[in-house]
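Visitor: Below you'll find protein_14.txt; it's compact mmCIF, C-alpha atoms.
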# COMPACT_ATOMS: atom_id res chain seq x y z
CA MET A 23 -37.24 53.47 -22.41
CA ALA A 24 -39.04 56.47 -21.02
CA THR A 25 -38.56 58.71 -24.00
CA GLN A 26 -42.22 58.79 -24.93
CA THR A 27 -42.51 62.43 -23.95
CA LEU A 28 -39.29 63.87 -25.32
CA PRO A 29 -37.39 61.43 -27.51
CA GLY A 30 -33.66 61.84 -27.52
CA VAL A 31 -33.10 63.25 -24.07
CA LEU A 32 -31.49 59.97 -23.02
CA VAL A 33 -28.77 58.18 -24.92
CA THR A 34 -27.42 54.70 -24.33
CA THR A 35 -23.85 53.73 -23.55
CA ASP A 36 -23.72 52.13 -26.99
CA TRP A 37 -24.69 55.42 -28.60
CA VAL A 38 -22.01 57.26 -26.67
CA ALA A 39 -19.38 54.69 -27.64
CA GLN A 40 -20.24 55.34 -31.28
CA HIS A 41 -20.62 59.12 -31.17
CA ALA A 42 -18.37 60.42 -28.38
CA THR A 43 -15.92 62.02 -30.78
CA ASP A 44 -18.43 63.35 -33.34
CA ALA A 45 -17.76 67.01 -34.09
CA ALA A 46 -21.34 68.00 -33.24
CA VAL A 47 -21.31 66.10 -29.96
CA ARG A 48 -19.51 66.87 -26.72
CA VAL A 49 -19.53 64.28 -23.96
CA VAL A 50 -18.95 65.71 -20.49
CA GLU A 51 -18.47 63.86 -17.20
CA VAL A 52 -19.73 65.54 -14.02
CA ASP A 53 -19.25 63.63 -10.78
CA VAL A 54 -20.10 63.94 -7.12
CA ASP A 55 -16.58 62.72 -6.42
CA THR A 56 -14.62 65.22 -8.44
CA THR A 57 -11.66 62.87 -8.70
CA SER A 58 -13.63 60.22 -10.59
CA TYR A 59 -12.82 61.74 -13.98
CA ASP A 60 -9.11 61.22 -13.42
CA GLN A 61 -9.69 57.58 -12.53
CA GLY A 62 -10.68 57.02 -16.15
CA HIS A 63 -13.45 58.48 -18.26
CA VAL A 64 -15.19 57.97 -21.58
CA PRO A 65 -12.49 58.56 -24.22
CA GLY A 66 -12.86 62.07 -25.60
CA ALA A 67 -15.03 63.27 -22.73
CA ALA A 68 -14.43 66.56 -21.01
CA GLY A 69 -14.70 66.80 -17.23
CA TRP A 70 -16.45 69.52 -15.29
CA ASN A 71 -15.96 70.07 -11.57
CA TRP A 72 -19.29 70.94 -9.95
CA THR A 73 -17.62 72.56 -6.92
CA THR A 74 -15.69 75.12 -8.95
CA GLU A 75 -17.11 75.20 -12.48
CA LEU A 76 -20.86 74.72 -12.13
CA CYS A 77 -21.62 77.27 -9.45
CA ASP A 78 -20.87 80.77 -8.35
CA THR A 79 -17.85 80.34 -6.10
CA LEU A 80 -18.45 83.59 -4.19
CA VAL A 81 -22.13 83.63 -3.32
CA ARG A 82 -24.25 80.51 -3.11
CA ASP A 83 -25.83 80.38 -6.54
CA ILE A 84 -25.88 78.53 -9.82
CA ILE A 85 -23.23 79.30 -12.37
CA PRO A 86 -23.39 82.92 -13.59
CA ALA A 87 -24.05 83.39 -17.32
CA ASN A 88 -20.62 84.77 -18.11
CA LYS A 89 -18.93 81.88 -16.34
CA LEU A 90 -21.11 79.37 -18.17
CA GLU A 91 -20.22 81.00 -21.49
CA GLU A 92 -16.54 80.73 -20.60
CA LEU A 93 -16.88 77.08 -19.53
CA LEU A 94 -18.74 76.04 -22.65
CA GLY A 95 -16.41 78.05 -24.85
CA LYS A 96 -13.30 76.36 -23.52
CA THR A 97 -15.00 72.98 -23.82
CA GLY A 98 -15.49 73.65 -27.53
CA ILE A 99 -19.25 73.85 -27.27
CA ASP A 100 -21.34 76.21 -29.35
CA ASN A 101 -25.07 76.81 -29.17
CA LYS A 102 -25.79 73.92 -31.54
CA THR A 103 -23.57 71.29 -29.96
CA ALA A 104 -25.27 68.20 -28.55
CA ILE A 105 -24.03 68.00 -24.96
CA VAL A 106 -24.12 64.50 -23.52
CA LEU A 107 -23.70 64.41 -19.76
CA TYR A 108 -22.90 61.49 -17.51
CA GLY A 109 -21.39 60.93 -14.10
CA ASP A 110 -21.16 58.89 -10.95
CA ASN A 111 -23.95 58.22 -8.47
CA ASN A 112 -26.39 57.45 -11.28
CA ASN A 113 -25.88 60.86 -12.85
CA TRP A 114 -26.64 63.10 -9.84
CA PHE A 115 -24.42 65.94 -10.93
CA ALA A 116 -24.87 65.19 -14.60
CA ALA A 117 -28.52 66.04 -13.92
CA TRP A 118 -27.40 69.12 -11.99
CA ALA A 119 -25.46 70.28 -15.07
CA PHE A 120 -28.41 69.38 -17.31
CA TRP A 121 -30.73 71.52 -15.17
CA GLN A 122 -28.40 74.52 -15.34
CA LEU A 123 -27.88 74.16 -19.09
CA LYS A 124 -31.65 74.17 -19.53
CA ILE A 125 -31.96 77.25 -17.33
CA TYR A 126 -29.58 78.91 -19.75
CA GLY A 127 -31.53 77.64 -22.74
CA HIS A 128 -29.13 75.17 -24.33
CA GLN A 129 -31.27 73.25 -26.79
CA ASP A 130 -29.64 69.88 -27.16
CA VAL A 131 -28.66 68.37 -23.83
CA ARG A 132 -28.84 64.64 -23.16
CA ILE A 133 -27.92 62.24 -20.41
CA MET A 134 -26.14 58.93 -20.87
CA ASP A 135 -28.54 56.47 -19.31
CA GLY A 136 -26.84 54.52 -16.54
CA GLY A 137 -23.98 56.98 -16.24
CA ARG A 138 -20.50 56.06 -15.15
CA LYS A 139 -21.77 53.03 -13.26
CA LYS A 140 -23.11 51.32 -16.38
CA TRP A 141 -20.14 52.30 -18.53
CA LEU A 142 -17.77 50.71 -15.99
CA ALA A 143 -19.92 47.64 -15.47
CA GLU A 144 -19.89 47.02 -19.21
CA GLY A 145 -16.10 47.06 -19.23
CA ARG A 146 -15.93 49.81 -21.81
CA ASP A 147 -12.79 51.76 -22.67
CA LEU A 148 -11.58 54.39 -20.24
CA SER A 149 -9.09 57.15 -20.85
CA THR A 150 -7.03 59.21 -18.44
CA ASP A 151 -6.16 61.84 -21.06
CA ARG A 152 -7.63 65.30 -20.67
CA PRO A 153 -8.67 66.26 -24.19
CA SER A 154 -8.36 69.84 -25.38
CA PHE A 155 -10.91 71.44 -27.64
CA PRO A 156 -10.84 74.33 -30.09
CA ALA A 157 -12.29 77.29 -28.23
CA THR A 158 -15.67 78.62 -29.26
CA THR A 159 -17.65 81.72 -28.43
CA TYR A 160 -20.81 80.78 -26.57
CA LYS A 161 -23.66 83.18 -25.94
CA ALA A 162 -26.11 82.23 -23.22
CA PRO A 163 -29.64 83.64 -23.36
CA ALA A 164 -31.32 85.07 -20.28
CA PRO A 165 -31.89 82.39 -17.64
CA ASP A 166 -35.25 80.63 -17.53
CA LEU A 167 -35.97 80.80 -13.82
CA SER A 168 -39.26 78.97 -14.21
CA LEU A 169 -37.18 75.83 -13.74
CA ARG A 170 -35.91 76.95 -10.35
CA ALA A 171 -37.66 77.46 -7.02
CA PHE A 172 -36.46 80.00 -4.51
CA LEU A 173 -37.28 80.08 -0.81
CA PRO A 174 -40.33 82.43 -1.06
CA GLU A 175 -41.97 80.12 -3.59
CA VAL A 176 -41.42 77.14 -1.34
CA GLN A 177 -42.84 79.04 1.61
CA GLN A 178 -45.86 79.91 -0.51
CA ALA A 179 -46.20 76.27 -1.51
CA VAL A 180 -46.27 75.27 2.15
CA ALA A 181 -48.72 77.98 3.11
CA GLY A 182 -51.02 77.88 0.12
CA LYS A 183 -50.70 74.29 -1.06
CA LYS A 184 -50.31 75.67 -4.57
CA ALA A 185 -47.47 73.33 -5.45
CA ALA A 186 -46.64 69.79 -4.46
CA LEU A 187 -43.33 69.29 -2.70
CA VAL A 188 -41.23 66.20 -3.39
CA ASP A 189 -38.44 65.34 -0.96
CA VAL A 190 -36.00 63.07 -2.79
CA ARG A 191 -33.63 62.39 0.11
CA SER A 192 -33.38 59.03 1.84
CA PRO A 193 -36.13 58.01 4.27
CA GLN A 194 -33.70 58.50 7.17
CA GLU A 195 -33.02 62.07 6.11
CA PHE A 196 -36.73 62.67 5.53
CA THR A 197 -37.63 61.60 9.05
CA GLY A 198 -34.72 63.48 10.63
CA GLU A 199 -33.01 60.35 11.92
CA ILE A 200 -29.85 61.58 10.21
CA LEU A 201 -28.85 65.07 9.08
CA ALA A 202 -26.78 64.05 6.06
CA PRO A 203 -26.13 60.92 4.02
CA PRO A 204 -23.90 58.50 5.97
CA GLY A 205 -20.24 59.49 5.69
CA LEU A 206 -20.92 63.03 4.54
CA PRO A 207 -20.67 66.16 6.70
CA GLU A 208 -23.77 67.39 8.48
CA THR A 209 -24.76 70.68 6.90
CA CYS A 210 -27.97 71.60 8.69
CA GLN A 211 -29.12 72.51 12.16
CA ARG A 212 -32.38 70.59 12.15
CA GLY A 213 -33.57 67.28 10.74
CA GLY A 214 -36.93 66.43 9.21
CA HIS A 215 -38.68 67.69 6.13
CA ILE A 216 -40.68 70.59 4.77
CA PRO A 217 -44.29 70.29 5.95
CA GLY A 218 -46.48 68.51 3.43
CA ALA A 219 -43.63 67.14 1.35
CA LYS A 220 -43.99 63.68 -0.16
CA SER A 221 -41.06 61.31 0.22
CA ILE A 222 -39.99 59.87 -3.12
CA PRO A 223 -36.29 59.01 -2.80
CA TRP A 224 -34.34 59.72 -5.99
CA GLY A 225 -33.14 56.11 -6.22
CA LYS A 226 -36.64 54.94 -6.99
CA ASN A 227 -36.24 56.55 -10.43
CA CYS A 228 -33.49 54.11 -11.35
CA ASN A 229 -32.91 50.47 -12.07
CA GLU A 230 -30.08 48.52 -10.46
CA ASP A 231 -27.82 49.15 -13.47
CA GLY A 232 -28.25 52.90 -13.07
CA THR A 233 -30.62 53.40 -16.00
CA PHE A 234 -33.93 55.16 -15.59
CA LYS A 235 -37.04 53.10 -15.07
CA SER A 236 -39.64 52.90 -17.80
CA PHE A 237 -42.18 55.63 -18.42
CA ASP A 238 -44.98 53.50 -16.98
CA GLU A 239 -43.00 52.63 -13.86
CA LEU A 240 -42.08 56.25 -13.25
CA LYS A 241 -45.62 57.46 -13.87
CA ALA A 242 -46.93 54.93 -11.34
CA LEU A 243 -44.23 55.84 -8.81
CA TYR A 244 -45.23 59.50 -8.76
CA ALA A 245 -48.95 58.91 -9.13
CA ALA A 246 -48.86 56.73 -6.02
CA GLN A 247 -47.90 59.87 -4.08
CA GLY A 248 -50.43 62.05 -5.88
CA ILE A 249 -47.86 63.64 -8.19
CA THR A 250 -49.45 63.54 -11.61
CA GLY A 251 -48.24 66.71 -13.26
CA ASP A 252 -51.62 68.39 -12.94
CA GLN A 253 -50.26 70.91 -10.47
CA PRO A 254 -46.87 72.61 -10.07
CA VAL A 255 -44.20 70.49 -8.41
CA ILE A 256 -41.11 71.52 -6.47
CA ALA A 257 -38.38 68.95 -5.84
CA TYR A 258 -35.71 69.31 -3.20
CA CYS A 259 -32.98 67.33 -1.47
CA ARG A 260 -29.99 68.56 0.54
CA ILE A 261 -28.10 70.79 -1.91
CA GLY A 262 -30.11 70.39 -5.09
CA GLU A 263 -28.26 67.77 -7.09
CA ARG A 264 -30.33 64.69 -6.24
CA SER A 265 -33.42 66.77 -6.83
CA SER A 266 -32.02 67.74 -10.24
CA LEU A 267 -32.27 64.08 -11.17
CA THR A 268 -35.86 63.95 -9.97
CA TRP A 269 -36.57 67.24 -11.75
CA PHE A 270 -35.16 65.66 -14.92
CA THR A 271 -37.39 62.64 -14.46
CA MET A 272 -40.56 64.63 -13.94
CA LYS A 273 -39.86 67.33 -16.52
CA HIS A 274 -38.15 65.42 -19.31
CA LEU A 275 -39.17 61.79 -18.92
CA LEU A 276 -42.70 62.22 -17.65
CA GLY A 277 -43.33 65.53 -19.39
CA PHE A 278 -44.80 67.39 -16.41
CA LYS A 279 -45.28 71.03 -17.35
CA ASP A 280 -44.39 72.96 -14.22
CA VAL A 281 -41.53 71.39 -12.29
CA ARG A 282 -38.98 73.38 -10.35
CA ASN A 283 -35.82 72.39 -8.57
CA TYR A 284 -35.38 74.02 -5.16
CA ASP A 285 -31.58 74.04 -5.03
CA GLY A 286 -31.55 75.82 -1.69
CA SER A 287 -32.99 72.54 -0.48
CA TRP A 288 -32.52 71.26 3.06
CA THR A 289 -29.25 73.13 3.60
CA GLU A 290 -31.35 76.28 3.34
CA TRP A 291 -34.62 75.19 4.94
CA GLY A 292 -33.01 73.14 7.71
CA ASN A 293 -30.87 76.09 8.75
CA LEU A 294 -33.58 78.74 8.57
CA VAL A 295 -34.60 80.32 11.85
CA GLY A 296 -38.29 79.75 12.48
CA ALA A 297 -38.94 77.59 9.43
CA PRO A 298 -41.58 74.95 10.12
CA VAL A 299 -40.28 71.39 10.15
CA GLU A 300 -42.25 68.20 10.05
CA LYS A 301 -41.07 64.98 11.70
CA PRO A 302 -41.05 62.13 11.08
CA MET B 5 -7.63 51.17 -21.84
CA LYS B 6 -10.11 48.64 -20.57
CA PRO B 7 -10.85 48.56 -16.87
CA GLU B 8 -9.93 45.20 -15.42
CA GLU B 9 -11.01 43.19 -12.40
CA HIS B 10 -14.07 45.38 -11.86
CA SER B 11 -16.01 44.40 -8.76
CA ARG B 12 -18.87 45.74 -6.65
CA ARG B 13 -19.87 44.36 -3.30
CA GLN B 14 -22.02 45.45 -0.41
CA GLN B 15 -20.85 45.18 3.16
CA GLU B 16 -21.29 46.94 6.47
CA LEU B 17 -18.85 49.50 7.84
CA ALA B 18 -19.30 51.21 11.21
CA GLY B 19 -22.89 50.00 11.25
CA TRP B 20 -23.79 51.35 7.81
CA PRO B 21 -24.29 49.39 4.60
CA VAL B 22 -21.88 50.55 1.91
CA MET B 23 -21.02 49.60 -1.66
CA ILE B 24 -17.36 49.03 -2.43
CA GLU B 25 -16.37 49.33 -6.09
CA THR B 26 -12.88 48.55 -7.32
CA TYR B 27 -11.23 48.27 -10.72
CA LYS B 28 -7.77 48.33 -12.20
CA LEU B 29 -6.84 50.80 -14.91
CA GLY B 30 -3.31 50.46 -16.20
CA ASP B 31 -1.16 49.72 -13.18
CA VAL B 32 -3.42 51.40 -10.64
CA TYR B 33 -6.29 49.98 -8.63
CA HIS B 34 -9.06 52.49 -7.93
CA CYS B 35 -11.49 51.92 -5.07
CA ALA B 36 -14.54 54.03 -4.23
CA ILE B 37 -17.02 53.56 -1.42
CA ALA B 38 -20.60 54.80 -1.48
CA ASN B 39 -23.32 54.66 1.12
CA VAL B 40 -26.11 52.35 -0.01
CA ASP B 41 -28.78 54.89 0.80
CA PRO B 42 -28.79 57.44 -0.76
CA GLY B 43 -25.90 56.08 -2.85
CA ALA B 44 -23.28 58.83 -2.55
CA ARG B 45 -19.59 58.16 -3.03
CA PHE B 46 -17.81 59.53 -0.01
CA ALA B 47 -14.44 57.79 0.20
CA ARG B 48 -11.93 56.62 -2.35
CA ALA B 49 -8.31 55.58 -2.62
CA ASP B 50 -5.82 54.21 -5.12
CA GLY B 51 -3.22 51.51 -4.68
CA ALA B 52 -0.78 49.23 -6.42
CA THR B 53 -2.90 46.24 -5.41
CA ARG B 54 -6.60 45.70 -4.82
CA GLU B 55 -5.96 45.11 -1.14
CA GLU B 56 -4.01 48.33 -0.78
CA ALA B 57 -6.63 50.46 -2.54
CA GLU B 58 -9.53 48.91 -0.66
CA SER B 59 -7.92 49.02 2.76
CA ARG B 60 -7.10 52.71 2.33
CA ALA B 61 -10.61 53.52 1.15
CA ILE B 62 -12.18 51.47 3.93
CA GLU B 63 -10.06 53.24 6.54
CA LYS B 64 -11.28 56.63 5.29
CA ALA B 65 -14.87 55.48 4.98
CA THR B 66 -14.93 54.07 8.49
CA ARG B 67 -13.59 57.34 9.86
CA TYR B 68 -16.20 59.41 8.01
CA LEU B 69 -19.06 57.09 8.92
CA ALA B 70 -18.18 57.28 12.59
CA GLN B 71 -19.09 60.97 12.46
CA THR B 72 -22.64 60.32 11.25
CA ARG B 73 -25.03 60.75 14.16
CA LYS B 74 -28.43 59.13 14.55
CA PHE B 75 -31.28 60.96 16.22
CA GLU B 76 -34.43 59.67 17.85
CA VAL B 77 -37.51 60.21 15.71
Please, can you express the file's structure as structure tokens?
Guide:
Amino acid sequence: MATQTLPGVLVTTDWVAQHATDAAVRVVEVDVDTTSYDQGHVPGAAGWNWTTELCDTLVRDIIPANKLEELLGKTGIDNKTAIVLYGDNNNWFAAWAFWQLKIYGHQDVRIMDGGRKKWLAEGRDLSTDRPSFPATTYKAPAPDLSLRAFLPEVQQAVAGKKAALVDVRSPQEFTGEILAPPGLPETCQRGGHIPGAKSIPWGKNCNEDGTFKSFDELKALYAAQGITGDQPVIAYCRIGERSSLTWFTMKHLLGFKDVRNYDGSWTEWGNLVGAPVEKP
Amino acid sequence: MKPEEHSRRQQELAGWPVMIETYKLGDVYHCAIANVDPGARFARADGATREEAESRAIEKATRYLAQTRKFEV
């Protein structure tokens, strides 16, 4: 599929079934629902909890370097390990982990196309064992913050039109009809979207089986909204995980040069006093 | 272990379309419910039977969905 720009960034469920226990490969499940891993996972896969292990648990931030080093070390990952990520919700938080691993410069990170959904639908083996791994010493390089957008850059994008904004939330969130996805807690004071943002819901990146659409389909999807990769792009959602998937699509499947994920997203913008909001 | 009796179906709960996914692993039935748009899992439950797992998950999902407000736009 869409690996014309960077071959190897996606792997199939078949590939994972054959290579999950290779010494040079570490498969890791990262789910929105942090209990999913215990309901059965790819045999040999580790499980990471995004609420405690892939963030700073004191201040709102991505995982600090020392904590990432500790996490990778105890997962038996060294700087040359191929990390294969997958998870529920078509890989939302797998993409979140991918984005953070790229910020910290891990070379070989891949996503299992279709994620947990496809693995289950294919009736493949599941395990409830939590594997243990020989500890390694991992050294993370300085973070590459060119992959991340902070509030001032988003404000500049709004004011100066120097970057395109892509809102990947649902149309109902984009218009402000709802403040959070149905069934989830409301985490913002205002509904709507950042002025000038284009609505390209994350789900449009995927096929019904959870796999990513083809390169040509994705290129057409973004081009239809004027997103061609010729100018910087900032993607956002509510807390930054859905937009990680869109960031992955634009950066690693379409090969756009300057793509940032605004992980502050709507929980920052929609709570900010005086921030301009566009509706619908 | 192979998951057994895997099923996915869409239905409406509390006025919202949801996807209900259930499978059996070993002796336990696992049920998870996701909103259709944007597709986030937000309720799950286990049970000794499919009916038990699904009814528990549906009860939770219905309660959570009832808290989702709609605004005029």
Visitor: My list of candidates is A:Ile249, A:Leu148, A:Leu167, A:Ile261. Which is closest to Leu123 of chain A when distances are computed with only C-alpha atoms?
Guide: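 Among A:Ile249, A:Leu148, A:Leu167, A:Ile261, it is A:Leu167 that comes nearest to Leu123 of chain A.
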Visitor: Using only C-alpha atoms for the distances, tell me which of B:Ile37, B:Ala52, B:Ala44, B:Ile62 is nearest to chain A.
Guide: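 Selected residue with least distance to chain A: B:Ala44.
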Visitor: Quick one, how far is atom CA of Ala45 of chain A from atom CA of Ala68 of chain A?
Guide: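 If I compute the distance from atom CA of Ala45 of chain A to atom CA of Ala68 of chain A, I get 13.5 Å.
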Visitor: List as CSV every residue of segment 47-66 of chain B that is in contact with segment 27-34 of chain B, defined as an atom at most 9 Å from one of its atoms (using only C-alpha atoms), together with the nearest atom pair and the distance in Å rounded to one decimal, sorted by chain and then rising number.
Guide:
residue,atom,partner,partner_atom,distance
B:Arg48,CA,B:His34,CA,7.5
B:Ala49,CA,B:His34,CA,6.2
B:Asp50,CA,B:His34,CA,4.6
B:Gly51,CA,B:Tyr33,CA,5.2
B:Ala52,CA,B:Val32,CA,5.4
B:Thr53,CA,B:Tyr33,CA,6.0
B:Arg54,CA,B:Tyr33,CA,5.7
B:Glu55,CA,B:Tyr33,CA,8.9
B:Glu56,CA,B:Tyr33,CA,8.3
B:Ala57,CA,B:Tyr33,CA,6.1
B:Glu58,CA,B:His34,CA,8.1
Visitor: Please produce, as CSV, a per-residue contact table for chain A versus chain B (criterion: any atom at most 7 Å away, only C-alpha atoms considered), showing the nearest atom pair and its distance in Å to one decimal, sorted by chain then residue number.
Guide:
residue,atom,partner,partner_atom,distance
A:Asp55,CA,B:Arg45,CA,6.4
A:Gln61,CA,B:His34,CA,6.9
A:Asn111,CA,B:Ala44,CA,6.0
A:Gly145,CA,B:Pro7,CA,5.9
A:Arg146,CA,B:Lys6,CA,6.1
A:Asp147,CA,B:Lys6,CA,4.6
A:Leu148,CA,B:Met5,CA,5.3
A:Ser149,CA,B:Met5,CA,6.2
A:Arg191,CA,B:Pro42,CA,7.0
A:Ser192,CA,B:Pro42,CA,5.5
A:Thr197,CA,B:Val77,CA,6.8
A:Gly198,CA,B:Val77,CA,6.7
A:Glu199,CA,B:Phe75,CA,4.7
A:Ile200,CA,B:Lys74,CA,5.2
A:Pro203,CA,B:Pro42,CA,6.5
A:Pro204,CA,B:Thr72,CA,5.7
A:Gly205,CA,B:Leu69,CA,4.2
A:Leu206,CA,B:Phe46,CA,6.5
A:Pro302,CA,B:Val77,CA,6.1
Visitor: How would the residues just picked look written out with C-alpha atoms as a compact mmCIF listing (two decimals), in the frame of the given file?
Guide:
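This is the output file out-v2.txt:
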# COMPACT_ATOMS: atom_id res chain seq x y z
CA ASP A 55 -16.58 62.72 -6.42
CA GLN A 61 -9.69 57.58 -12.53
CA ASN A 111 -23.95 58.22 -8.47
CA GLY A 145 -16.10 47.06 -19.23
CA ARG A 146 -15.93 49.81 -21.81
CA ASP A 147 -12.79 51.76 -22.67
CA LEU A 148 -11.58 54.39 -20.24
CA SER A 149 -9.09 57.15 -20.85
CA ARG A 191 -33.63 62.39 0.11
CA SER A 192 -33.38 59.03 1.84
CA THR A 197 -37.63 61.60 9.05
CA GLY A 198 -34.72 63.48 10.63
CA GLU A 199 -33.01 60.35 11.92
CA ILE A 200 -29.85 61.58 10.21
CA PRO A 203 -26.13 60.92 4.02
CA PRO A 204 -23.90 58.50 5.97
CA GLY A 205 -20.24 59.49 5.69
CA LEU A 206 -20.92 63.03 4.54
CA PRO A 302 -41.05 62.13 11.08
Visitor: Give the answer as one residue: which of A:Lys220, A:Lys279, A:His41, A:Arg212 has the shortest atom-to-atom distance to Gly248 of chain A, using all atoms listed in the file?
Guide: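 The closest residue to Gly248 of chain A is A:Lys220.
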Visitor: Can you measure atom CA of Gly95 of chain A to atom CA of Lys139 of chain A for me? One decimal in Å is fine.
Guide: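 We find that atom CA of Gly95 of chain A and atom CA of Lys139 of chain A lie 28.1 Å from each other.
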Visitor: Restricting the calculation to all atoms listed in the file, which member of A:Ala179, A:Leu93, A:Val54, A:Leu275 is positioned closest to Lys241 of chain A?
Guide: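 Distance minimum relative to Lys241 of chain A lands on A:Leu275.
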Visitor: So how far away is atom CA of Trp121 of chain A from atom CA of His274 of chain A, in Å?
Guide: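 Taking atom CA of His274 of chain A as the start and atom CA of Trp121 of chain A as the end point, the length is 10.5 Å.
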Visitor: Counting all atoms listed in the file, what is within 12 Å of Lys273 of chain A, bar same-chain residues fewer than 5 positions away, as a ChimeraX atom specification?
Guide: /A:24-25,27-28,31,117,120-121,124,168-169,240-241,250-251,254-257,265-268,278-283
Visitor: Excluding segment 134-137 of chain A and its own-chain neighbours fewer than 3 positions away, which residues fall within 9 Å of it when counting only C-alpha atoms? Please give them as a list of chain:residue names.
Guide: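 Returned residues: A:Val31, A:Leu32, A:Val33, A:Thr34, A:Thr35, A:Trp37, A:Val38, A:Glu51, A:Val106, A:Leu107, A:Tyr108, A:Gly109, A:Asp110, A:Asn111, A:Asn112, A:Asn113, A:Ala116, A:Lys140, A:Trp141, A:Leu142, A:Cys228, A:Asn229, A:Asp231, A:Gly232, A:Thr233, A:Phe234.
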